[in-house]
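S.K.: Please find input39.cif (mmCIF, C-alpha atoms) on the next line:
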data_upload
#
loop_
_atom_site.label_atom_id
_atom_site.label_comp_id
_atom_site.auth_asym_id
_atom_site.auth_seq_id
_atom_site.Cartn_x
_atom_site.Cartn_y
_atom_site.Cartn_z
CA MET A 1 -1.73 -5.42 9.68
CA GLN A 2 0.28 -5.03 6.50
CA THR A 3 -1.72 -5.97 3.42
CA LYS A 4 -0.07 -6.66 0.11
CA ILE A 5 -1.37 -4.22 -2.48
CA GLY A 6 -0.32 -4.54 -6.11
CA ARG A 7 1.48 -1.70 -7.85
CA VAL A 8 2.08 -0.53 -11.39
CA SER A 9 5.10 1.44 -12.52
CA VAL A 10 4.40 4.84 -14.07
CA LEU A 11 7.72 6.22 -15.32
CA GLY A 12 9.35 4.12 -12.62
CA VAL A 13 7.22 5.51 -9.81
CA PRO A 14 5.05 2.86 -8.12
CA VAL A 15 1.31 3.55 -8.08
CA SER A 16 -1.01 1.33 -6.03
CA LEU A 17 -3.69 -0.68 -7.80
CA VAL A 18 -6.67 0.61 -5.85
CA ASN A 19 -9.82 2.62 -6.43
CA LEU A 20 -11.45 5.04 -4.00
CA THR A 21 -13.39 2.34 -2.16
CA ARG A 22 -10.43 0.00 -1.82
CA ALA A 23 -8.09 2.79 -0.72
CA SER A 24 -10.44 4.17 1.94
CA GLU A 25 -11.19 0.72 3.34
CA GLN A 26 -7.48 -0.08 3.56
CA ILE A 27 -6.78 3.18 5.34
CA MET A 28 -9.45 2.39 7.91
CA MET A 29 -7.90 -1.03 8.53
CA TRP A 30 -4.51 0.58 9.13
CA ALA A 31 -6.04 3.24 11.38
CA GLU A 32 -7.04 0.49 13.81
CA ASP A 33 -3.41 -0.60 14.19
CA ARG A 34 -2.08 1.20 17.26
CA LEU A 35 1.44 -0.21 16.95
CA ASN A 36 2.50 1.00 13.52
CA ALA A 37 2.44 4.11 11.36
CA TYR A 38 1.53 4.22 7.67
CA SER A 39 2.15 6.73 4.90
CA VAL A 40 -0.20 7.49 2.02
CA PHE A 41 0.78 9.64 -0.97
CA VAL A 42 -1.74 11.12 -3.41
CA ARG A 43 -0.20 11.51 -6.87
CA ASP A 44 -1.22 13.55 -9.87
CA VAL A 45 0.88 14.15 -12.98
CA PRO A 46 2.93 17.14 -11.71
CA SER A 47 3.74 15.53 -8.35
CA LEU A 48 4.68 12.26 -10.04
CA MET A 49 7.04 14.16 -12.36
CA GLN A 50 8.64 15.75 -9.30
CA ALA A 51 9.32 12.24 -7.99
CA VAL A 52 10.85 11.27 -11.34
CA LYS A 53 13.21 14.26 -11.17
CA GLN A 54 14.17 14.11 -7.47
CA THR A 55 16.03 10.99 -6.37
CA GLU A 56 15.26 11.45 -2.67
CA LEU A 57 11.56 11.94 -3.37
CA PHE A 58 11.52 8.95 -5.71
CA ASP A 59 12.99 6.78 -2.96
CA LEU A 60 10.22 7.80 -0.54
CA HIS A 61 7.66 6.28 -2.90
CA ARG A 62 9.28 2.88 -2.62
CA ASP A 63 8.73 2.94 1.13
CA ALA A 64 5.23 4.49 1.13
CA ASP A 65 2.45 2.10 2.11
CA LEU A 66 -0.07 3.43 -0.40
CA ILE A 67 0.31 5.66 -3.46
CA VAL A 68 -3.03 6.52 -5.03
CA ALA A 69 -3.66 7.95 -8.49
CA ASP A 70 -5.25 11.36 -8.16
CA GLY A 71 -4.59 12.23 -11.80
CA THR A 72 -6.69 10.58 -14.50
CA PRO A 73 -3.65 10.17 -16.82
CA LEU A 74 -2.04 7.89 -14.23
CA VAL A 75 -5.12 5.68 -14.31
CA TRP A 76 -5.04 5.63 -18.11
CA VAL A 77 -1.40 4.53 -18.14
CA ALA A 78 -2.14 1.72 -15.68
CA GLN A 79 -5.10 0.60 -17.79
CA VAL A 80 -3.01 0.57 -20.96
CA LYS A 81 -0.57 -1.68 -19.11
CA GLY A 82 -3.34 -4.17 -18.47
CA PHE A 83 -4.76 -3.12 -15.10
CA ARG A 84 -8.12 -1.89 -16.37
CA ASP A 85 -10.27 -3.31 -13.57
CA SER A 86 -7.97 -2.89 -10.60
CA ILE A 87 -7.32 0.86 -10.49
CA GLY A 88 -9.45 3.98 -10.34
CA ARG A 89 -8.93 7.67 -9.71
CA VAL A 90 -8.58 8.59 -6.02
CA PRO A 91 -8.71 12.40 -5.70
CA GLY A 92 -7.42 13.67 -2.37
CA ALA A 93 -10.62 15.61 -1.61
CA ASP A 94 -12.77 12.55 -2.34
CA LEU A 95 -10.52 10.37 -0.19
CA VAL A 96 -11.07 12.75 2.73
CA ASP A 97 -14.84 12.41 2.31
CA ALA A 98 -14.74 8.62 1.99
CA VAL A 99 -12.52 8.07 5.03
CA CYS A 100 -14.46 10.52 7.20
CA ARG A 101 -17.69 8.76 6.27
CA LEU A 102 -16.27 5.33 7.16
CA SER A 103 -14.81 6.59 10.43
CA LEU A 104 -18.27 7.37 11.77
CA SER A 105 -18.90 3.66 12.24
CA THR A 106 -15.41 2.77 13.50
CA GLY A 107 -14.85 5.72 15.83
CA GLN A 108 -11.43 6.62 14.44
CA SER A 109 -10.39 10.23 15.07
CA HIS A 110 -8.79 12.74 12.70
CA PHE A 111 -5.95 15.23 13.06
CA PHE A 112 -5.77 18.07 10.53
CA TYR A 113 -2.21 19.32 10.04
CA GLY A 114 -1.43 22.00 7.47
CA GLY A 115 -2.91 24.78 5.43
CA LYS A 116 -2.64 28.52 5.89
CA PRO A 117 -3.80 29.98 9.22
CA GLY A 118 -7.43 29.08 9.78
CA VAL A 119 -7.74 26.67 6.84
CA ALA A 120 -7.42 23.45 8.87
CA GLN A 121 -9.96 24.82 11.37
CA ARG A 122 -12.48 25.62 8.64
CA MET A 123 -11.87 22.25 7.01
CA ALA A 124 -12.55 20.42 10.27
CA GLU A 125 -15.70 22.48 10.89
CA THR A 126 -17.03 21.80 7.39
CA LEU A 127 -16.41 18.07 7.67
CA SER A 128 -17.92 17.94 11.17
CA GLN A 129 -21.09 19.55 9.83
CA ARG A 130 -21.16 17.19 6.86
CA TYR A 131 -20.53 14.11 9.02
CA PRO A 132 -22.18 14.62 12.42
CA GLY A 133 -20.30 12.67 15.06
CA LEU A 134 -16.93 12.99 13.32
CA ARG A 135 -14.17 12.82 15.92
CA VAL A 136 -11.61 15.61 15.56
CA ALA A 137 -8.49 14.80 17.58
CA GLY A 138 -6.57 17.96 16.73
CA ILE A 139 -6.05 20.88 14.39
CA TYR A 140 -2.81 22.71 13.66
CA SER A 141 -1.59 25.05 10.92
CA PRO A 142 2.23 25.00 11.15
CA PRO A 143 4.45 27.95 10.19
CA MET A 144 6.17 27.89 6.81
CA LEU A 145 9.21 25.63 6.94
CA ASN A 146 11.94 24.74 4.46
CA ILE A 147 11.14 21.03 4.18
CA GLY A 148 13.33 18.84 2.00
CA PRO A 149 15.35 15.61 2.06
CA ASP A 150 17.43 16.73 5.06
CA PHE A 151 14.49 18.01 7.08
CA ASP A 152 14.85 17.09 10.76
CA VAL A 153 11.31 16.72 12.06
CA LEU A 154 12.38 16.17 15.66
CA GLU A 155 14.55 19.28 15.68
CA LEU A 156 11.99 21.62 14.06
CA CYS A 157 8.65 19.99 14.91
CA ARG A 158 9.22 18.01 18.10
CA GLU A 159 6.27 19.62 19.88
CA ASP A 160 4.04 18.90 16.86
CA MET A 161 5.00 15.22 17.03
CA GLU A 162 4.19 15.10 20.74
CA VAL A 163 0.79 16.75 20.18
CA ILE A 164 -0.12 14.36 17.36
CA ARG A 165 0.98 11.33 19.38
CA ALA A 166 -0.92 12.51 22.46
CA SER A 167 -4.07 13.07 20.37
CA ASN A 168 -4.16 9.34 19.61
CA ALA A 169 -5.50 10.16 16.16
CA GLY A 170 -5.98 7.21 13.84
CA ILE A 171 -5.77 9.40 10.73
CA VAL A 172 -3.54 12.42 10.22
CA TRP A 173 -4.44 14.59 7.22
CA VAL A 174 -1.46 16.60 5.95
CA GLY A 175 -1.78 19.63 3.70
CA ILE A 176 1.53 21.43 3.31
CA SER A 177 1.89 21.08 -0.50
CA SER A 178 3.92 18.57 -2.46
CA PRO A 179 6.74 17.56 -2.22
CA LYS A 180 7.11 19.14 1.23
CA GLN A 181 4.31 17.01 2.69
CA GLU A 182 5.86 13.76 1.45
CA TYR A 183 9.20 14.57 3.09
CA TRP A 184 7.36 15.61 6.25
CA ILE A 185 5.19 12.48 6.31
CA ALA A 186 8.15 10.15 5.88
CA LYS A 187 9.82 11.62 8.97
CA ALA A 188 6.70 12.35 11.04
CA ALA A 189 5.14 8.90 10.66
CA HIS A 190 8.32 7.33 11.98
CA ALA A 191 8.61 9.85 14.83
CA VAL A 192 4.99 9.47 15.98
CA GLY A 193 5.01 5.72 15.49
CA ARG A 194 1.30 5.16 14.87
CA GLY A 195 -1.57 6.42 12.75
CA VAL A 196 -2.12 6.81 9.01
CA PHE A 197 -0.48 9.92 7.57
CA ILE A 198 -2.13 11.06 4.33
CA GLY A 199 -0.87 13.92 2.17
CA VAL A 200 -3.83 15.59 0.50
CA GLY A 201 -2.50 19.08 -0.28
CA ALA A 202 -5.20 21.12 -2.01
CA ALA A 203 -7.98 19.14 -0.31
CA PHE A 204 -7.50 21.46 2.69
CA ASP A 205 -8.43 24.45 0.53
CA PHE A 206 -11.33 22.62 -1.11
CA HIS A 207 -12.90 21.40 2.13
CA SER A 208 -12.34 24.70 3.93
CA GLY A 209 -14.13 26.51 1.12
CA ASP A 210 -11.13 28.71 0.34
CA ILE A 211 -10.92 27.35 -3.22
CA GLN A 212 -13.84 26.13 -5.28
CA ARG A 213 -13.39 22.70 -6.80
CA ALA A 214 -13.97 21.98 -10.49
CA PRO A 215 -17.48 20.94 -11.56
CA ALA A 216 -18.15 17.19 -11.48
CA TRP A 217 -18.26 16.90 -15.27
CA MET A 218 -14.72 18.29 -15.53
CA ARG A 219 -13.45 16.03 -12.73
CA ASN A 220 -15.03 12.99 -14.36
CA ASN A 221 -13.43 13.72 -17.73
CA GLY A 222 -9.88 14.41 -16.60
CA LEU A 223 -10.20 18.19 -16.86
CA GLU A 224 -9.84 19.26 -13.24
CA TRP A 225 -6.31 20.43 -14.03
CA LEU A 226 -7.68 22.88 -16.64
CA TYR A 227 -10.13 24.36 -14.16
CA ARG A 228 -7.38 24.85 -11.58
CA LEU A 229 -5.04 26.37 -14.16
CA ILE A 230 -7.70 28.89 -15.21
CA ARG A 231 -8.35 29.80 -11.57
CA GLU A 232 -4.68 30.05 -10.51
CA PRO A 233 -2.55 30.59 -13.64
CA ARG A 234 0.36 32.32 -11.90
CA ARG A 235 0.86 29.57 -9.35
CA LEU A 236 0.08 26.54 -11.52
CA TRP A 237 1.25 27.39 -15.04
CA ARG A 238 4.57 25.54 -14.72
CA ARG A 239 2.89 22.52 -13.17
CA TYR A 240 0.41 22.04 -16.01
CA LEU A 241 2.11 23.63 -19.03
CA ILE A 242 5.60 22.19 -18.55
CA LEU A 243 5.45 19.12 -16.30
CA ALA A 244 2.25 17.72 -17.83
CA PRO A 245 3.48 17.82 -21.48
CA MET A 246 6.77 16.32 -20.29
CA PHE A 247 4.78 13.50 -18.70
CA VAL A 248 2.93 12.83 -21.96
CA LEU A 249 6.14 12.69 -23.97
CA ARG A 250 7.91 10.36 -21.54
CA VAL A 251 4.93 8.05 -21.11
CA THR A 252 4.42 7.87 -24.88
CA ALA A 253 8.08 6.96 -25.36
CA GLU A 254 7.85 4.34 -22.60
CA LEU A 255 4.72 2.74 -24.06
CA LEU A 256 6.15 2.73 -27.60
CA LEU A 257 9.32 1.04 -26.34
CA ARG A 258 7.21 -1.47 -24.46
CA SER A 259 5.17 -2.19 -27.60
CA SER A 260 8.27 -2.59 -29.80
CA ARG A 261 9.74 -5.09 -27.35
CA ARG A 262 6.57 -7.15 -27.51
CA ILE A 263 6.64 -7.16 -31.30
CA GLY A 264 10.34 -7.99 -31.35
#
What would the structure in this file look like if it were written as structure tokens?
M.R.:
Amino acid sequence: MQTKIGRVSVLGVPVSLVNLTRASEQIMMWAEDRLNAYSVFVRDVPSLMQAVKQTELFDLHRDADLIVADGTPLVWVAQVKGFRDSIGRVPGADLVDAVCRLSLSTGQSHFFYGGKPGVAQRMAETLSQRYPGLRVAGIYSPPMLNIGPDFDVLELCREDMEVIRASNAGIVWVGISSPKQEYWIAKAAHAVGRGVFIGVGAAFDFHSGDIQRAPAWMRNNGLEWLYRLIREPRRLWRRYLILAPMFVLRVTAELLLRSSRRIG
């Protein structure tokens, strides 16, 4: 059930040419495949810059089945490169809503893996109230683990893999922060062998009600990052005040070089 989805390079990192509707529909198609596992990464500017800086993380993006643009700047870059009509912003929290809504008619079940104690439970309860009939296959908030390139999922999380596999979940939502969740997904999807593993990070906090999301007008104008920075300056200052400007500088240089080559 592999479907070829176009990609655009953003600082060398592949980003899938999809919008929210296209991404959620593709995920539902994959969720029906009981013989294969799929990985979905949700990228904003800071997490993309992490992939640029970390070779092992960068390599995971080449193998991921879907890499959606959470950050508006990623969409802008793709549009400047000529993909104006084929890409749209796909925020992790909105992707959760869209896929849950679609699953009501297909019967696919959901496993919620991640978050601080109680967060995944509250997220599942909120979504179940919002979408009556939603099938919850499992809920688990794992202990804090040192997850990186050499992480051995079968050594440290073998029981988790068995629980997820036994749940027969079509969709596994993962919220253990980036880049930990990408390393975990790459190993877990292979170990479980079926289901769609989607890293949505902060969406766990948004849907559980632990963190309030930015107003719609800020989200629609590329300002969600500012709202989050104001709310959590200690935790997010480096992400938005160092990595984001670095992204702007590198993308500007890349686009100028691209333009000069065209002129030449």
S.K.: Starting from the PyMOL selection byres ((chain A and resi 131-136) around 12), expand the selection into actual residues of this file and give them as a PyMOL selection string.
M.R.: chain A and resi 96-113+120-121+123-130+137-140+164+167-173
S.K.: Would you mind reading off the distance between CA of Ala166 in chain A and CA of Ile67 in chain A, one decimal, in Å?
M.R.: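 Computing the Euclidean distance for CA of Ala166 in chain A and CA of Ile67 in chain A yields 26.8 Å.
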S.K.: Since I can't run it myself right now, could you work out what the PyMOL selection byres ((chain A and resi 69) around 7) selects here and report it as a list of chain:residue names?
M.R.: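 So the PyMOL selection byres ((chain A and resi 69) around 7), applied here, picks out A:Val15, A:Val42, A:Arg43, A:Asp44, A:Ile67, A:Val68, A:Asp70, A:Gly71, A:Leu74, A:Val75, A:Arg89, A:Val90.
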S.K.: Counting all atoms listed in the file, which of A:Leu11, A:Pro142, A:Leu154, A:Arg228 gets nearest to Ala78 in chain A?
M.R.: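 Smallest distance to Ala78 in chain A is found for A:Leu11.
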S.K.: Quick one: apply the PyMOL selection byres ((chain A and resi 196) around 6) to the file and drop the selected residues here as a PDB file with C-alpha atoms, in the coordinates of the input.
M.R.:
ATOM      1  CA  ALA A  31      -6.040   3.240  11.380  1.00  0.00           C
ATOM      2  CA  ALA A  37       2.440   4.110  11.360  1.00  0.00           C
ATOM      3  CA  TYR A  38       1.530   4.220   7.670  1.00  0.00           C
ATOM      4  CA  SER A  39       2.150   6.730   4.900  1.00  0.00           C
ATOM      5  CA  ILE A 171      -5.770   9.400  10.730  1.00  0.00           C
ATOM      6  CA  VAL A 172      -3.540  12.420  10.220  1.00  0.00           C
ATOM      7  CA  GLY A 195      -1.570   6.420  12.750  1.00  0.00           C
ATOM      8  CA  PHE A 197      -0.480   9.920   7.570  1.00  0.00           C
TER       9      PHE A 197
END
S.K.: Please determine, counting all atoms listed in the file, which residue among A:Asp150, A:Ser208, A:Asn220, A:Ala253 has the shortest atom-to-atom distance to Lys187 in chain A.
M.R.: A:Asp150
S.K.: Have a look at A:Gln26, A:Thr72, A:Thr252, A:Gln79 and name the one nearest to Val40 in chain A; count only C-alpha atoms.
M.R.: A:Gln26
S.K.: Would you work out the distance separating CA of Trp30 in chain A from CA of Asp160 in chain A, expressed in Å to one decimal?
M.R.: 21.6 Å
S.K.: Enter the distance from CA of Cys157 in chain A to CA of Leu48 in chain A, in Å, rounded to one decimal.
M.R.: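 Calculated distance between CA of Cys157 in chain A and CA of Leu48 in chain A is 26.4 Å.
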S.K.: Ranking A:Ala186, A:Gly148, A:Phe204, A:Glu32 by minimum distance to Pro117 in chain A and counting only C-alpha atoms, which one comes first?
M.R.: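 The answer is A:Phe204, which sits nearest to Pro117 in chain A.
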S.K.: Got a sec: who's within 9 Å of Ala93 in chain A, counting only C-alpha atoms, leaving out chain neighbours fewer than 6 positions off, as a list in words?
M.R.: Val200, Gly201, Ala202, Ala203, Phe204, Phe206 and His207 of chain A
S.K.: Please, which residues are within 12 Å of (-16.4, 19.5, -8.2) by the file's coordinates, counting all atoms listed in the file, and could they come as a list in words?
M.R.: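 Looking at atoms near the point gives Pro91, Ala93, Asp94, Ala203, Phe206, His207, Gly209, Ile211, Gln212, Arg213, Ala214, Pro215, Ala216, Trp217, Met218, Arg219, Asn220, Asn221, Gly222, Leu223, Glu224, Trp225, Tyr227 and Arg228 of chain A.
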S.K.: I'd like the contact shell of Pro46 in chain A - 10 Å cut-off, all atoms listed in the file, skipping same-chain residues fewer than 2 positions apart - returned as a PyMOL selection string.
M.R.: chain A and resi 43-44+48-52+71+178+236+238-247
S.K.: Using all atoms listed in the file, I'd like a table of the residues in range 138-209 of chain A that come within 8 Å of range 54-65 of chain A; for each, show the closest atom pair and its distance in Å rounded to one decimal, ordered by chain and ascending number, as CSV.
M.R.:
residue,atom,partner,partner_atom,distance
A:Pro149,CA,A:Glu56,CA,6.3
A:Pro179,CA,A:Leu57,CA,7.5
A:Glu182,CA,A:Leu60,CA,7.6
A:Tyr183,CA,A:Leu57,CA,7.4
A:Ala186,CA,A:Leu60,CA,7.1
S.K.: For a quick check of understanding, using all atoms listed in the file, which of A:Leu20, A:Met29, A:Val77, A:Ile198 has the smallest distance to Arg250 in chain A?
M.R.: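 Once distances to Arg250 in chain A are computed over all atoms listed in the file, the minimum belongs to A:Val77.
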S.K.: Nearest to Gly175 in chain A: which of A:Arg235, A:Phe41, A:Val153, A:Leu66 is it, counting only C-alpha atoms?
M.R.: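 Nearest candidate to Gly175 in chain A out of A:Arg235, A:Phe41, A:Val153, A:Leu66: A:Phe41.
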S.K.: Within 6 Å of (-6.3, -0.4, -8.0) (file coordinates; only C-alpha atoms), which protein or nucleic acid residues are there? I'd like them as a list in words.
M.R.: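 Counting only C-alpha atoms, I find these residues within 6 Å of (-6.3, -0.4, -8.0): Ser16, Leu17, Val18, Asn19, Ser86, Ile87 and Gly88 of chain A.
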S.K.: Which residues, written as a compact mmCIF listing (two decimals) with C-alpha atoms, keeping the file's coordinate frame, have at least one atom at most 7 Å from Ile176 in chain A, with only C-alpha atoms counted and residues fewer than 4 positions away on the same chain left out?
M.R.:
# COMPACT_ATOMS: atom_id res chain seq x y z
CA GLY A 114 -1.43 22.00 7.47
CA GLY A 115 -2.91 24.78 5.43
CA LYS A 180 7.11 19.14 1.23
CA GLN A 181 4.31 17.01 2.69
CA GLY A 201 -2.50 19.08 -0.28
S.K.: As JSON, please: the centre and edge lengths in Å, to one decimal, of an axis-aligned box enclosing every listed atom of range 237-251 of chain A with 3 Å added on each side.
M.R.:
{"center_x": 4.2, "center_y": 17.7, "center_z": -18.6, "size_x": 13.5, "size_y": 25.3, "size_z": 16.8}
S.K.: Add whatever atoms are absent from range 242-253 of chain A to reach all heavy atoms, and provide the output as a PDB file, keeping the file's coordinate frame.
M.R.:
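Written output follows (out.pdb):
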ATOM      1  N   ILE A 242       4.251  22.724 -18.314  1.00  0.00           N
ATOM      2  CA  ILE A 242       5.600  22.190 -18.550  1.00  0.00           C
ATOM      3  C   ILE A 242       5.677  20.739 -18.082  1.00  0.00           C
ATOM      4  O   ILE A 242       6.037  19.838 -18.859  1.00  0.00           O
ATOM      5  CB  ILE A 242       6.659  23.036 -17.827  1.00  0.00           C
ATOM      6  CG1 ILE A 242       6.722  24.435 -18.441  1.00  0.00           C
ATOM      7  CG2 ILE A 242       8.030  22.358 -17.926  1.00  0.00           C
ATOM      8  CD1 ILE A 242       7.748  25.349 -17.821  1.00  0.00           C
ATOM      9  N   LEU A 243       5.326  20.475 -16.826  1.00  0.00           N
ATOM     10  CA  LEU A 243       5.450  19.120 -16.300  1.00  0.00           C
ATOM     11  C   LEU A 243       4.466  18.153 -16.967  1.00  0.00           C
ATOM     12  O   LEU A 243       4.815  17.008 -17.253  1.00  0.00           O
ATOM     13  CB  LEU A 243       5.241  19.119 -14.791  1.00  0.00           C
ATOM     14  CG  LEU A 243       6.325  19.820 -13.966  1.00  0.00           C
ATOM     15  CD1 LEU A 243       5.978  19.761 -12.482  1.00  0.00           C
ATOM     16  CD2 LEU A 243       7.690  19.197 -14.212  1.00  0.00           C
ATOM     17  N   ALA A 244       3.245  18.610 -17.222  1.00  0.00           N
ATOM     18  CA  ALA A 244       2.250  17.720 -17.830  1.00  0.00           C
ATOM     19  C   ALA A 244       2.642  17.297 -19.255  1.00  0.00           C
ATOM     20  O   ALA A 244       2.597  16.102 -19.576  1.00  0.00           O
ATOM     21  CB  ALA A 244       0.875  18.383 -17.814  1.00  0.00           C
ATOM     22  N   PRO A 245       3.026  18.237 -20.144  1.00  0.00           N
ATOM     23  CA  PRO A 245       3.480  17.820 -21.480  1.00  0.00           C
ATOM     24  C   PRO A 245       4.708  16.901 -21.407  1.00  0.00           C
ATOM     25  O   PRO A 245       4.845  15.968 -22.212  1.00  0.00           O
ATOM     26  CB  PRO A 245       3.813  19.131 -22.173  1.00  0.00           C
ATOM     27  CG  PRO A 245       2.953  20.137 -21.487  1.00  0.00           C
ATOM     28  CD  PRO A 245       2.926  19.705 -20.048  1.00  0.00           C
ATOM     29  N   MET A 246       5.593  17.173 -20.459  1.00  0.00           N
ATOM     30  CA  MET A 246       6.770  16.320 -20.290  1.00  0.00           C
ATOM     31  C   MET A 246       6.341  14.901 -19.928  1.00  0.00           C
ATOM     32  O   MET A 246       6.912  13.922 -20.416  1.00  0.00           O
ATOM     33  CB  MET A 246       7.669  16.914 -19.189  1.00  0.00           C
ATOM     34  CG  MET A 246       9.030  16.261 -19.078  1.00  0.00           C
ATOM     35  SD  MET A 246       9.983  16.965 -17.683  1.00  0.00           S
ATOM     36  CE  MET A 246       9.976  18.713 -18.147  1.00  0.00           C
ATOM     37  N   PHE A 247       5.319  14.807 -19.081  1.00  0.00           N
ATOM     38  CA  PHE A 247       4.780  13.500 -18.700  1.00  0.00           C
ATOM     39  C   PHE A 247       4.262  12.759 -19.925  1.00  0.00           C
ATOM     40  O   PHE A 247       4.542  11.574 -20.126  1.00  0.00           O
ATOM     41  CB  PHE A 247       3.669  13.685 -17.681  1.00  0.00           C
ATOM     42  CG  PHE A 247       2.891  12.435 -17.367  1.00  0.00           C
ATOM     43  CD1 PHE A 247       3.360  11.533 -16.420  1.00  0.00           C
ATOM     44  CD2 PHE A 247       1.688  12.160 -18.016  1.00  0.00           C
ATOM     45  CE1 PHE A 247       2.638  10.375 -16.121  1.00  0.00           C
ATOM     46  CE2 PHE A 247       0.964  11.011 -17.719  1.00  0.00           C
ATOM     47  CZ  PHE A 247       1.442  10.121 -16.781  1.00  0.00           C
ATOM     48  N   VAL A 248       3.499  13.452 -20.764  1.00  0.00           N
ATOM     49  CA  VAL A 248       2.930  12.830 -21.960  1.00  0.00           C
ATOM     50  C   VAL A 248       4.023  12.306 -22.875  1.00  0.00           C
ATOM     51  O   VAL A 248       3.943  11.168 -23.374  1.00  0.00           O
ATOM     52  CB  VAL A 248       2.039  13.835 -22.720  1.00  0.00           C
ATOM     53  CG1 VAL A 248       1.583  13.248 -24.056  1.00  0.00           C
ATOM     54  CG2 VAL A 248       0.829  14.221 -21.877  1.00  0.00           C
ATOM     55  N   LEU A 249       5.048  13.102 -23.089  1.00  0.00           N
ATOM     56  CA  LEU A 249       6.140  12.690 -23.970  1.00  0.00           C
ATOM     57  C   LEU A 249       6.869  11.466 -23.411  1.00  0.00           C
ATOM     58  O   LEU A 249       7.154  10.505 -24.150  1.00  0.00           O
ATOM     59  CB  LEU A 249       7.132  13.845 -24.147  1.00  0.00           C
ATOM     60  CG  LEU A 249       6.626  15.035 -24.973  1.00  0.00           C
ATOM     61  CD1 LEU A 249       7.642  16.167 -24.943  1.00  0.00           C
ATOM     62  CD2 LEU A 249       6.366  14.605 -26.416  1.00  0.00           C
ATOM     63  N   ARG A 250       7.151  11.471 -22.132  1.00  0.00           N
ATOM     64  CA  ARG A 250       7.910  10.360 -21.540  1.00  0.00           C
ATOM     65  C   ARG A 250       7.078   9.086 -21.471  1.00  0.00           C
ATOM     66  O   ARG A 250       7.581   7.993 -21.702  1.00  0.00           O
ATOM     67  CB  ARG A 250       8.426  10.760 -20.154  1.00  0.00           C
ATOM     68  CG  ARG A 250       9.442  11.887 -20.218  1.00  0.00           C
ATOM     69  CD  ARG A 250      10.167  12.089 -18.909  1.00  0.00           C
ATOM     70  NE  ARG A 250      10.947  10.915 -18.526  1.00  0.00           N
ATOM     71  CZ  ARG A 250      11.886  10.915 -17.593  1.00  0.00           C
ATOM     72  NH1 ARG A 250      12.157  12.038 -16.954  1.00  0.00           N
ATOM     73  NH2 ARG A 250      12.541   9.835 -17.276  1.00  0.00           N
ATOM     74  N   VAL A 251       5.799   9.224 -21.155  1.00  0.00           N
ATOM     75  CA  VAL A 251       4.930   8.050 -21.110  1.00  0.00           C
ATOM     76  C   VAL A 251       4.752   7.468 -22.506  1.00  0.00           C
ATOM     77  O   VAL A 251       4.785   6.240 -22.699  1.00  0.00           O
ATOM     78  CB  VAL A 251       3.569   8.402 -20.491  1.00  0.00           C
ATOM     79  CG1 VAL A 251       2.542   7.317 -20.799  1.00  0.00           C
ATOM     80  CG2 VAL A 251       3.704   8.572 -18.986  1.00  0.00           C
ATOM     81  N   THR A 252       4.568   8.341 -23.496  1.00  0.00           N
ATOM     82  CA  THR A 252       4.420   7.870 -24.880  1.00  0.00           C
ATOM     83  C   THR A 252       5.657   7.098 -25.319  1.00  0.00           C
ATOM     84  O   THR A 252       5.549   6.018 -25.920  1.00  0.00           O
ATOM     85  CB  THR A 252       4.185   9.060 -25.826  1.00  0.00           C
ATOM     86  OG1 THR A 252       2.993   9.751 -25.439  1.00  0.00           O
ATOM     87  CG2 THR A 252       4.039   8.577 -27.265  1.00  0.00           C
ATOM     88  N   ALA A 253       6.832   7.642 -25.012  1.00  0.00           N
ATOM     89  CA  ALA A 253       8.080   6.960 -25.360  1.00  0.00           C
ATOM     90  C   ALA A 253       8.186   5.614 -24.651  1.00  0.00           C
ATOM     91  O   ALA A 253       8.600   4.604 -25.246  1.00  0.00           O
ATOM     92  CB  ALA A 253       9.274   7.847 -25.010  1.00  0.00           C
TER      93      ALA A 253
END
